[in-house]
$ cat entry-v8.cif   # mmCIF, C-alpha atoms and all ligand atoms
data_input
#
loop_
_atom_site.label_atom_id
_atom_site.label_comp_id
_atom_site.auth_asym_id
_atom_site.auth_seq_id
_atom_site.Cartn_x
_atom_site.Cartn_y
_atom_site.Cartn_z
CA MET E 1088 -35.63 -7.17 -24.91
CA LYS E 1089 -32.64 -9.42 -24.19
CA LYS E 1090 -30.40 -6.97 -26.01
CA CYS E 1091 -31.80 -4.13 -23.93
CA ILE E 1092 -31.04 -5.93 -20.67
CA LEU E 1093 -27.53 -6.76 -21.82
CA PHE E 1094 -26.95 -3.15 -22.79
CA PHE E 1095 -28.24 -2.01 -19.38
CA VAL E 1096 -25.94 -4.47 -17.58
CA PHE E 1097 -23.01 -3.30 -19.70
CA ILE E 1098 -23.68 0.38 -18.94
CA SER E 1099 -24.14 -0.33 -15.22
CA LEU E 1100 -20.88 -2.23 -15.11
CA ILE E 1101 -19.03 0.66 -16.69
CA PHE E 1102 -20.68 3.11 -14.35
CA PHE E 1103 -20.08 0.88 -11.32
CA ASP E 1104 -16.40 0.45 -12.20
CA HIS E 1105 -15.85 4.12 -12.85
CA ALA E 1106 -17.67 5.09 -9.66
CA PHE E 1107 -14.71 3.53 -7.88
CA LEU E 1108 -11.98 5.21 -9.87
CA CYS E 1109 -10.03 8.05 -8.36
CA ALA E 1110 -7.05 9.93 -9.75
CA GLN E 1111 -6.02 12.65 -7.36
CA ASN E 1112 -3.17 14.52 -9.02
CA ILE E 1113 -1.63 17.39 -7.07
CA LYS E 1114 0.61 19.98 -8.70
CA SER E 1115 4.09 20.50 -7.33
CA ALA E 1116 4.55 23.30 -4.83
CA GLY E 1117 8.33 23.11 -5.26
CA GLY E 1118 10.61 21.93 -2.48
CA PRO E 1119 10.41 18.80 -0.36
CA THR E 1120 7.35 16.63 -0.77
CA LEU E 1121 5.99 13.48 0.85
CA VAL E 1122 3.04 11.30 -0.13
CA ILE E 1123 1.85 8.25 1.81
CA HIS E 1124 -0.82 5.55 1.77
CA GLY E 1125 -2.26 3.25 4.39
CA GLY E 1126 -3.85 0.80 1.97
CA ALA E 1127 -6.64 0.77 -0.60
CA GLY E 1128 -9.74 -1.40 -0.78
CA THR E 1129 -13.39 -1.70 0.14
CA ILE E 1130 -13.23 1.20 2.54
CA LEU E 1131 -16.82 2.42 2.71
CA ARG E 1132 -18.16 5.39 4.61
CA GLU E 1133 -21.09 3.32 5.90
CA ASN E 1134 -18.69 0.91 7.61
CA MET E 1135 -16.68 3.58 9.39
CA THR E 1136 -17.57 5.44 12.58
CA PRO E 1137 -16.52 9.09 12.98
CA GLU E 1138 -14.04 7.83 15.60
CA ASP E 1139 -12.49 5.40 13.10
CA GLU E 1140 -12.15 8.16 10.52
CA LYS E 1141 -10.58 10.49 13.05
CA ALA E 1142 -8.07 7.84 14.13
CA TYR E 1143 -6.97 7.20 10.55
CA HIS E 1144 -6.67 10.89 9.69
CA GLU E 1145 -4.65 11.55 12.85
CA LYS E 1146 -2.24 8.68 12.28
CA LEU E 1147 -1.70 9.62 8.64
CA LYS E 1148 -1.02 13.22 9.70
CA GLU E 1149 1.43 12.06 12.35
CA ALA E 1150 3.31 10.04 9.72
CA LEU E 1151 3.35 12.97 7.28
CA ASN E 1152 4.57 15.38 9.96
CA ALA E 1153 7.37 13.02 11.00
CA GLY E 1154 8.60 12.71 7.42
CA TYR E 1155 8.23 16.41 6.73
CA LYS E 1156 10.29 17.35 9.78
CA ILE E 1157 13.20 15.41 8.30
CA LEU E 1158 12.75 16.77 4.78
CA ASN E 1159 12.32 20.35 5.90
CA SER E 1160 15.54 20.30 7.88
CA GLY E 1161 17.45 19.10 4.82
CA GLY E 1162 17.26 15.38 5.62
CA ALA E 1163 17.23 12.64 2.99
CA ALA E 1164 14.11 11.27 1.30
CA GLU E 1165 15.17 7.83 2.50
CA GLU E 1166 15.09 8.88 6.17
CA ALA E 1167 11.72 10.58 5.66
CA VAL E 1168 9.99 7.54 4.16
CA VAL E 1169 11.39 5.26 6.88
CA ALA E 1170 10.17 7.62 9.63
CA ALA E 1171 6.69 7.87 8.10
CA ILE E 1172 6.40 4.13 7.59
CA MET E 1173 7.56 3.29 11.12
CA ILE E 1174 4.72 5.35 12.58
CA MET E 1175 2.21 3.40 10.54
CA GLU E 1176 3.92 0.08 11.32
CA ASP E 1177 3.63 0.82 15.04
CA SER E 1178 -0.10 1.48 14.74
CA PRO E 1179 -2.65 -1.37 14.84
CA LEU E 1180 -4.75 0.53 12.28
CA PHE E 1181 -2.74 -0.58 9.27
CA ASN E 1182 -1.80 -3.95 7.83
CA ALA E 1183 1.92 -3.59 8.51
CA GLY E 1184 4.02 -4.18 11.62
CA LYS E 1185 1.76 -4.20 14.71
CA GLY E 1186 -1.49 -4.46 12.72
CA ALA E 1187 -0.31 -7.15 10.26
CA VAL E 1188 -2.99 -9.56 9.05
CA PHE E 1189 -2.92 -13.29 9.81
CA THR E 1190 -1.84 -16.12 7.54
CA ASN E 1191 -3.92 -19.28 7.16
CA GLU E 1192 -1.75 -20.86 9.87
CA GLY E 1193 -2.53 -18.07 12.33
CA THR E 1194 0.89 -16.43 12.11
CA ASN E 1195 1.89 -12.91 11.01
CA GLU E 1196 4.41 -12.80 8.18
CA MET E 1197 5.55 -9.42 6.97
CA ASP E 1198 7.17 -8.05 3.83
CA ALA E 1199 8.81 -4.66 3.21
CA SER E 1200 11.00 -2.92 0.67
CA ILE E 1201 12.72 0.37 -0.02
CA MET E 1202 14.37 1.87 -3.09
CA ASN E 1203 16.48 5.00 -3.30
CA GLY E 1204 16.08 6.63 -6.70
CA GLY E 1205 19.20 8.74 -6.19
CA ASP E 1206 21.67 5.87 -6.41
CA GLY E 1207 19.35 3.05 -7.50
CA SER E 1208 20.01 1.01 -4.35
CA ALA E 1209 17.24 -1.24 -3.04
CA GLY E 1210 16.53 -3.62 -0.18
CA ALA E 1211 13.69 -5.91 0.88
CA VAL E 1212 12.67 -8.53 3.43
CA ALA E 1213 9.94 -11.13 2.98
CA GLY E 1214 8.04 -13.44 5.31
CA VAL E 1215 9.57 -12.13 8.54
CA LYS E 1216 7.80 -12.90 11.82
CA THR E 1217 9.79 -11.25 14.60
CA ILE E 1218 11.05 -7.91 13.29
CA LYS E 1219 9.17 -5.05 14.95
CA ASN E 1220 9.68 -2.64 12.05
CA PRO E 1221 10.30 -4.62 8.84
CA ILE E 1222 11.10 -1.40 6.97
CA LEU E 1223 14.26 -1.01 9.09
CA ALA E 1224 15.38 -4.49 8.07
CA ALA E 1225 14.68 -3.70 4.39
CA GLN E 1226 16.75 -0.53 4.70
CA ALA E 1227 19.58 -2.50 6.32
CA VAL E 1228 19.55 -5.03 3.46
CA LYS E 1229 19.78 -2.09 1.06
CA SER E 1230 22.59 -0.27 2.85
CA ASN E 1231 24.56 -3.00 4.61
CA SER E 1232 24.55 -6.02 2.33
CA GLU E 1233 25.36 -6.99 -1.22
CA HIS E 1234 21.85 -8.38 -1.69
CA VAL E 1235 18.46 -6.93 -2.52
CA MET E 1236 16.02 -9.35 -0.87
CA MET E 1237 16.25 -11.62 2.17
CA ALA E 1238 13.51 -13.93 3.40
CA GLY E 1239 12.34 -15.73 6.54
CA LYS E 1240 14.83 -16.88 9.16
CA GLY E 1241 17.85 -15.58 7.26
CA ALA E 1242 16.38 -12.09 7.14
CA GLU E 1243 15.62 -12.27 10.85
CA GLN E 1244 19.18 -13.35 11.65
CA PHE E 1245 20.53 -10.54 9.48
CA ALA E 1246 18.37 -8.04 11.39
CA ALA E 1247 19.44 -9.47 14.74
CA ASP E 1248 23.10 -9.17 13.75
CA ARG E 1249 22.51 -5.47 13.09
CA ASN E 1250 20.70 -4.84 16.36
CA ILE E 1251 17.39 -4.18 14.68
CA GLU E 1252 14.66 -4.60 17.28
CA ARG E 1253 13.02 -8.01 17.37
CA VAL E 1254 9.91 -8.97 19.28
CA ASP E 1255 8.07 -12.11 20.24
CA ALA E 1256 5.72 -13.14 17.44
CA SER E 1257 2.79 -12.59 19.85
CA TYR E 1258 3.43 -8.81 19.62
CA PHE E 1259 1.63 -8.89 16.25
CA TYR E 1260 -1.53 -10.50 17.64
CA THR E 1261 -4.55 -8.19 17.41
CA GLU E 1262 -8.15 -9.22 18.03
CA ARG E 1263 -9.39 -7.35 14.97
CA ARG E 1264 -7.08 -9.17 12.55
CA LYS E 1265 -7.78 -12.55 14.18
CA LYS E 1266 -11.51 -12.02 13.65
CA GLN E 1267 -10.87 -11.18 9.99
CA LEU E 1268 -9.01 -14.46 9.56
CA ASP E 1269 -11.76 -16.46 11.31
CA LYS E 1270 -14.42 -14.86 9.15
CA LEU E 1271 -12.50 -15.54 5.96
CA LYS E 1272 -11.82 -19.16 6.92
CA GLU E 1273 -15.48 -19.74 7.74
CA ALA E 1274 -16.51 -18.35 4.38
CA GLU E 1275 -13.88 -20.44 2.63
CA LYS E 1276 -15.15 -23.59 4.31
CA ALA E 1277 -18.77 -22.80 3.51
CA ASN E 1278 -17.82 -22.19 -0.08
CA GLU E 1279 -15.99 -25.50 -0.32
CA GLU E 1280 -19.16 -27.14 0.90
CA GLY E 1281 -21.03 -25.33 -1.84
CA ASN E 1282 -23.08 -23.14 0.48
CA ILE E 1283 -22.28 -19.48 0.03
CA LYS E 1284 -19.91 -17.30 -1.91
CA PRO E 1285 -16.68 -16.63 -0.05
CA TRP E 1286 -16.32 -13.47 1.92
CA LYS E 1287 -13.18 -11.79 0.75
CA ASP E 1288 -11.16 -9.29 2.67
CA TYR E 1289 -10.74 -6.57 0.12
CA LYS E 1290 -9.13 -4.11 2.48
CA TYR E 1291 -5.49 -3.85 1.63
CA GLY E 1292 -4.05 -1.98 4.61
CA THR E 1293 -0.45 -2.00 3.42
CA VAL E 1294 1.49 1.19 4.09
CA GLY E 1295 3.75 3.10 1.74
CA ALA E 1296 5.59 6.39 1.36
CA VAL E 1297 7.38 8.29 -1.40
CA ALA E 1298 9.47 11.40 -0.72
CA LEU E 1299 11.41 14.02 -2.65
CA ASP E 1300 14.12 15.77 -0.66
CA LYS E 1301 15.84 19.16 -0.99
CA ASN E 1302 18.60 17.59 -3.07
CA GLY E 1303 16.08 16.32 -5.58
CA ASN E 1304 16.42 12.65 -4.59
CA ILE E 1305 13.38 10.41 -4.59
CA CYS E 1306 12.87 7.39 -2.30
CA ALA E 1307 9.94 4.96 -2.18
CA ALA E 1308 9.10 2.32 0.45
CA THR E 1309 6.32 -0.14 1.26
CA SER E 1310 5.54 -2.39 4.25
CA THR E 1311 2.80 -5.00 4.71
CA GLY E 1312 1.43 -8.04 6.46
CA GLY E 1313 0.31 -9.28 3.02
CA MET E 1314 -3.18 -10.69 2.52
CA THR E 1315 -5.39 -12.30 5.19
CA ASN E 1316 -5.42 -16.11 5.03
CA LYS E 1317 -2.37 -16.27 2.75
CA LYS E 1318 -0.92 -19.77 2.49
CA TYR E 1319 2.31 -21.69 1.99
CA GLY E 1320 4.69 -18.76 2.52
CA ARG E 1321 2.92 -16.59 -0.05
CA ILE E 1322 4.77 -13.35 -0.76
CA GLY E 1323 3.01 -10.37 -2.34
CA ASP E 1324 4.16 -7.43 -4.39
CA SER E 1325 5.23 -5.16 -1.53
CA PRO E 1326 8.80 -6.51 -1.18
CA VAL E 1327 9.22 -6.98 -4.93
CA ILE E 1328 11.20 -4.11 -6.39
CA GLY E 1329 9.47 -2.97 -9.56
CA ALA E 1330 6.07 -4.39 -8.53
CA GLY E 1331 5.12 -2.80 -5.17
CA THR E 1332 7.96 -0.31 -4.87
CA PHE E 1333 10.15 1.53 -7.34
CA ALA E 1334 12.16 4.75 -7.49
CA ASN E 1335 14.60 6.25 -9.94
CA LYS E 1336 15.46 9.79 -11.03
CA THR E 1337 12.11 10.18 -12.84
CA CYS E 1338 9.64 9.14 -10.14
CA GLY E 1339 8.92 7.01 -7.08
CA VAL E 1340 5.96 4.67 -6.59
CA SER E 1341 4.50 2.66 -3.70
CA ALA E 1342 1.56 0.34 -4.34
CA THR E 1343 -1.21 -1.37 -2.40
CA GLY E 1344 -3.72 -3.91 -3.63
CA HIS E 1345 -4.05 -7.50 -4.77
CA GLY E 1346 -0.35 -8.29 -4.96
CA GLU E 1347 -0.45 -11.04 -7.57
CA TYR E 1348 -1.75 -8.57 -10.17
CA PHE E 1349 0.87 -6.00 -9.24
CA ILE E 1350 3.66 -8.56 -9.58
CA ARG E 1351 2.47 -9.90 -12.93
CA ASN E 1352 2.18 -6.37 -14.30
CA VAL E 1353 5.34 -4.97 -12.69
CA VAL E 1354 3.17 -2.00 -11.76
CA ALA E 1355 5.57 0.39 -10.03
CA TYR E 1356 8.23 0.01 -12.70
CA ASP E 1357 5.65 0.18 -15.49
CA ILE E 1358 4.63 3.64 -14.32
CA ALA E 1359 8.25 4.84 -14.33
CA ALA E 1360 8.90 3.23 -17.73
CA MET E 1361 5.83 4.85 -19.28
CA MET E 1362 6.99 8.25 -18.10
CA GLU E 1363 10.51 7.73 -19.30
CA TYR E 1364 9.93 6.09 -22.65
CA LYS E 1365 6.68 7.73 -23.66
CA LYS E 1366 7.53 11.11 -22.14
CA ILE E 1367 4.15 11.39 -20.47
CA SER E 1368 3.27 12.98 -17.13
CA LEU E 1369 3.05 11.15 -13.81
CA GLY E 1370 -0.73 11.62 -13.75
CA ALA E 1371 -1.17 10.20 -17.26
CA ALA E 1372 1.05 7.20 -16.48
CA THR E 1373 -0.63 6.32 -13.16
CA GLU E 1374 -4.11 6.68 -14.64
CA LYS E 1375 -3.21 4.43 -17.56
CA ILE E 1376 -1.82 1.69 -15.31
CA VAL E 1377 -4.23 1.78 -12.35
CA MET E 1378 -7.47 2.85 -14.01
CA GLU E 1379 -7.10 1.02 -17.32
CA LYS E 1380 -4.51 -1.74 -17.39
CA LEU E 1381 -5.08 -3.11 -13.87
CA LEU E 1382 -8.81 -2.57 -13.92
CA GLN E 1383 -9.23 -4.50 -17.17
CA ILE E 1384 -7.70 -7.62 -15.63
CA GLY E 1385 -9.44 -7.27 -12.26
CA GLY E 1386 -6.41 -6.04 -10.32
CA SER E 1387 -7.81 -3.94 -7.50
CA GLY E 1388 -5.71 -1.45 -5.57
CA GLY E 1389 -3.90 1.83 -5.93
CA ILE E 1390 -0.63 3.70 -5.80
CA VAL E 1391 0.93 6.85 -4.43
CA ALA E 1392 3.70 8.40 -6.48
CA LEU E 1393 5.63 11.58 -7.11
CA ASP E 1394 7.90 12.80 -9.88
CA ALA E 1395 11.23 14.63 -9.84
CA ASN E 1396 9.47 18.01 -9.86
CA GLY E 1397 7.31 17.15 -6.86
CA ASN E 1398 4.04 16.50 -8.69
CA ILE E 1399 1.95 13.97 -6.78
CA SER E 1400 -0.41 11.20 -7.82
CA MET E 1401 -2.74 9.22 -5.53
CA THR E 1402 -4.66 6.92 -7.86
CA PHE E 1403 -6.84 3.90 -7.04
CA ASN E 1404 -9.57 1.72 -8.51
CA THR E 1405 -11.23 0.77 -5.21
CA PRO E 1406 -13.86 2.63 -3.14
CA GLY E 1407 -11.20 4.13 -0.88
CA MET E 1408 -7.53 4.48 -0.07
CA TYR E 1409 -6.08 5.89 3.16
CA ARG E 1410 -3.71 8.52 1.88
CA GLY E 1411 -2.18 11.93 2.33
CA TYR E 1412 0.52 14.33 1.28
CA ILE E 1413 2.53 17.24 2.58
CA GLN E 1414 4.28 19.93 0.56
CA LYS E 1415 6.59 22.87 1.14
CA GLU E 1416 4.28 24.85 3.42
CA GLY E 1417 4.08 21.93 5.87
CA ARG E 1418 0.35 21.36 6.08
CA PRO E 1419 -0.59 17.66 6.01
CA ARG E 1420 -3.68 16.76 3.98
CA THR E 1421 -5.30 13.38 4.40
CA PHE E 1422 -8.10 11.50 2.66
CA ILE E 1423 -9.96 8.20 2.87
CA TYR E 1424 -12.72 8.01 0.25
CA LYS E 1425 -12.95 9.05 -3.34
CA ILE E 1426 -15.08 12.03 -2.46
CA GLU E 1427 -14.53 13.55 0.95
CA GLY E 1428 -17.33 15.28 2.76
N1 LIG H 1501 -0.22 -5.66 -1.80
C1 LIG H 1501 -0.24 -6.42 -0.58
C2 LIG H 1501 -0.03 -7.88 -0.90
O1 LIG H 1501 -0.56 -8.36 -1.87
C3 LIG H 1501 -1.52 -6.27 0.17
C4 LIG H 1501 -1.92 -4.85 0.48
O2 LIG H 1501 -1.69 -3.96 -0.32
O3 LIG H 1501 -2.52 -4.65 1.55
O4 LIG H 1501 0.63 -8.53 -0.13
#

$ encode --input "entry-v8.cif" --output "structure tokens"
Amino acid sequence: MKKCILFFVFISLIFFDHAFLCAQNIKSAGGPTLVIHGGAGTILRENMTPEDEKAYHEKLKEALNAGYKILNSGGAAEEAVVAAIMIMEDSPLFNAGKGAVFTNEGTNEMDASIMNGGDGSAGAVAGVKTIKNPILAAQAVKSNSEHVMMAGKGAEQFAADRNIERVDASYFYTERRKKQLDKLKEAEKANEEGNIKPWKDYKYGTVGAVALDKNGNICAATSTGGMTNKKYGRIGDSPVIGAGTFANKTCGVSATGHGEYFIRNVVAYDIAAMMEYKKISLGAATEKIVMEKLLQIGGSGGIVALDANGNISMTFNTPGMYRGYIQKEGRPRTFIYKIEG
């Protein structure tokens, strides 16, 4: 009997896990391509109103259209990913820029990075509090400095010196994110007192974009507010080149999820390395990393990626991931759940 129950639990666990796996691989249509995400996580249909869904689809489409306009007129992949990310950073819907989550201290501290696969250049900022569009600062670090990553006050000074727009920290205050912090802190306190299990915010609303331009260059970028209730200057994977963002001549990857797992497993680079060294396809590499390697160690999240031919992968091990892509014909397609309907 005991064996039977254990077997049942085992089977349910496998089924439960796999119910949340999604590998959406789209074949190349040739020409410029852009794929974006607005975060993975516990995004459940029952918690979303039709208005919420509409708002997310519309914002994702706006970001895709902005990037496509640049790519279609011969612009660089780098410009396209920055344009797409800025639209999502300016929206309170996503955990980046305006909609950044709160730290334990009640502040908003953002991270962003960008890597150009054409020349291998990269830039990142971490823990910035007053830069309206952190992706612009990351791009400036990449293009106008000899460094790859700048943090905190230094990064803010660097941005100010380059006339990158800064705002009062209060610009990042949103009621919705404040409530998430309060709820998480309450649960944490109750848990410390031994009362209930902590409520965890498993919605990773980070934004990311990967583009392939007409010259065949790939660029990947990611921007985030990190994780709600983060402490002591915690930095996630998003500004870490190789973990949350990576691009070379083979592929480009932007990740979202529980950052610590993505850093320890160097997720974005691992996907590129698997393709390069094992000569496997983008789809096979992303499935291996997100749906096997990460899943086995409890690393929840997902990635968007594309290869040098324009094949796309949107793969995640959570119930949902805000995501979308646009190919040569210019029609944006957006998704939220594993199965749309
Ligand atoms: N990966 C981000 C972090 O850990 C969170 C997210 O994807 O929303 O900071």

$ residues_near_point --input "entry-v8.cif" --point "(-14.6, 4.5, 4.5)" --cutoff "9 Å" --atoms "all atoms listed in the file" --output "mmCIF file with C-alpha atoms, keeping the file's coordinate frame"
data_model
loop_
_atom_site.group_PDB
_atom_site.id
_atom_site.type_symbol
_atom_site.label_atom_id
_atom_site.label_comp_id
_atom_site.auth_asym_id
_atom_site.auth_seq_id
_atom_site.Cartn_x
_atom_site.Cartn_y
_atom_site.Cartn_z
ATOM 1 C CA THR E 1129 -13.390 -1.700 0.140
ATOM 2 C CA ILE E 1130 -13.230 1.200 2.540
ATOM 3 C CA LEU E 1131 -16.820 2.420 2.710
ATOM 4 C CA ARG E 1132 -18.160 5.390 4.610
ATOM 5 C CA GLU E 1133 -21.090 3.320 5.900
ATOM 6 C CA ASN E 1134 -18.690 0.910 7.610
ATOM 7 C CA MET E 1135 -16.680 3.580 9.390
ATOM 8 C CA THR E 1136 -17.570 5.440 12.580
ATOM 9 C CA ASP E 1139 -12.490 5.400 13.100
ATOM 10 C CA GLU E 1140 -12.150 8.160 10.520
ATOM 11 C CA PRO E 1406 -13.860 2.630 -3.140
ATOM 12 C CA GLY E 1407 -11.200 4.130 -0.880
ATOM 13 C CA MET E 1408 -7.530 4.480 -0.070
ATOM 14 C CA TYR E 1409 -6.080 5.890 3.160
ATOM 15 C CA ILE E 1423 -9.960 8.200 2.870
ATOM 16 C CA TYR E 1424 -12.720 8.010 0.250
#

$ residues_near_ligand --input "entry-v8.cif" --ligand "ligand LIG 1501 (chain H)" --cutoff "8 Å" --atoms "all atoms listed in the file" --output "number ranges by chain"
E: 1126-1127, 1182, 1198, 1290-1294, 1311-1314, 1322-1325, 1331, 1342-1347, 1349, 1388

$ closest_residue --input "entry-v8.cif" --among "E:Thr1261, E:Thr1337, E:Thr1120, E:Asn1195" --to "Lys1156 (chain E)" --atoms "only C-alpha atoms"
E:Thr1120

$ residues_around --input "entry-v8.cif" --residues "region 1241-1258 of chain E" --least-positions-apart "5" --cutoff "10 Å" --atoms "all atoms listed in the file" --output "PyMOL selection string"
chain E and resi 1184-1186+1194-1196+1211-1221+1223-1225+1227-1228+1231-1232+1236

$ write_last_selection --input "entry-v8.cif" --atoms "C-alpha atoms" --output "tab-separated table (two decimals), in the coordinates of the input"
chain	number	residue	atom	x	y	z
E	1184	GLY	CA	4.02	-4.18	11.62
E	1185	LYS	CA	1.76	-4.20	14.71
E	1186	GLY	CA	-1.49	-4.46	12.72
E	1194	THR	CA	0.89	-16.43	12.11
E	1195	ASN	CA	1.89	-12.91	11.01
E	1196	GLU	CA	4.41	-12.80	8.18
E	1211	ALA	CA	13.69	-5.91	0.88
E	1212	VAL	CA	12.67	-8.53	3.43
E	1213	ALA	CA	9.94	-11.13	2.98
E	1214	GLY	CA	8.04	-13.44	5.31
E	1215	VAL	CA	9.57	-12.13	8.54
E	1216	LYS	CA	7.80	-12.90	11.82
E	1217	THR	CA	9.79	-11.25	14.60
E	1218	ILE	CA	11.05	-7.91	13.29
E	1219	LYS	CA	9.17	-5.05	14.95
E	1220	ASN	CA	9.68	-2.64	12.05
E	1221	PRO	CA	10.30	-4.62	8.84
E	1223	LEU	CA	14.26	-1.01	9.09
E	1224	ALA	CA	15.38	-4.49	8.07
E	1225	ALA	CA	14.68	-3.70	4.39
E	1227	ALA	CA	19.58	-2.50	6.32
E	1228	VAL	CA	19.55	-5.03	3.46
E	1231	ASN	CA	24.56	-3.00	4.61
E	1232	SER	CA	24.55	-6.02	2.33
E	1236	MET	CA	16.02	-9.35	-0.87

$ closest_residue --input "entry-v8.cif" --among "E:Val1122, E:Met1361, E:Ile1413, E:Ala1209" --to "Phe1333 (chain E)" --atoms "only C-alpha atoms"
E:Ala1209

$ residues_around --input "entry-v8.cif" --residues "Gly1161 (chain E)" --least-positions-apart "4" --cutoff "8 Å" --atoms "only C-alpha atoms" --output "compact mmCIF listing (two decimals) with C-alpha atoms, in the frame of the given file"
# COMPACT_ATOMS: atom_id res chain seq x y z
CA ILE E 1157 13.20 15.41 8.30
CA ASP E 1300 14.12 15.77 -0.66
CA LYS E 1301 15.84 19.16 -0.99

$ closest_atom_pairs --input "entry-v8.cif" --of "region 1162-1239 of chain E" --to "region 1141-1153 of chain E" --cutoff "8 Å" --atoms "only C-alpha atoms" --output "CSV"
residue,atom,partner,partner_atom,distance
E:Ala1167,CA,E:Ala1153,CA,7.3
E:Ala1170,CA,E:Ala1153,CA,6.2
E:Ala1171,CA,E:Ala1150,CA,4.3
E:Ile1172,CA,E:Ala1150,CA,7.0
E:Ile1174,CA,E:Ala1150,CA,5.7
E:Met1175,CA,E:Ala1150,CA,6.8
E:Ser1178,CA,E:Lys1146,CA,7.9
E:Leu1180,CA,E:Tyr1143,CA,7.2

$ residues_near_point --input "entry-v8.cif" --point "(-0.4, 4.8, -1.8)" --cutoff "6 Å" --atoms "only C-alpha atoms" --output "list in words"
Ile1123, His1124, Gly1295, Ser1341, Ala1342, Ile1390 and Val1391 of chain E

$ closest_residue --input "entry-v8.cif" --among "E:Thr1315, E:Asn1278, E:Asn1191, E:Asn1335" --to "Ala1395 (chain E)" --atoms "all atoms listed in the file"
E:Asn1335

$ atom_distance --input "entry-v8.cif" --atom1 "CA of Thr1332 (chain E)" --atom2 "CA of Leu1271 (chain E)"
27.7 Å

$ atom_distance --input "entry-v8.cif" --atom1 "CA of Gly1204 (chain E)" --atom2 "CA of Lys1240 (chain E)"
28.4 Å

$ closest_residue --input "entry-v8.cif" --among "E:Asn1203, E:Lys1265, E:Gly1397, E:Gly1339" --to "Thr1373 (chain E)" --atoms "all atoms listed in the file"
E:Gly1339

$ atom_distance --input "entry-v8.cif" --atom1 "CA of Asn1112 (chain E)" --atom2 "CA of Tyr1412 (chain E)"
10.9 Å

$ closest_residue --input "entry-v8.cif" --among "E:Ala1298, E:Ala1183, E:Cys1306, E:Ala1330" --to "Pro1119 (chain E)" --atoms "all atoms listed in the file"
E:Ala1298
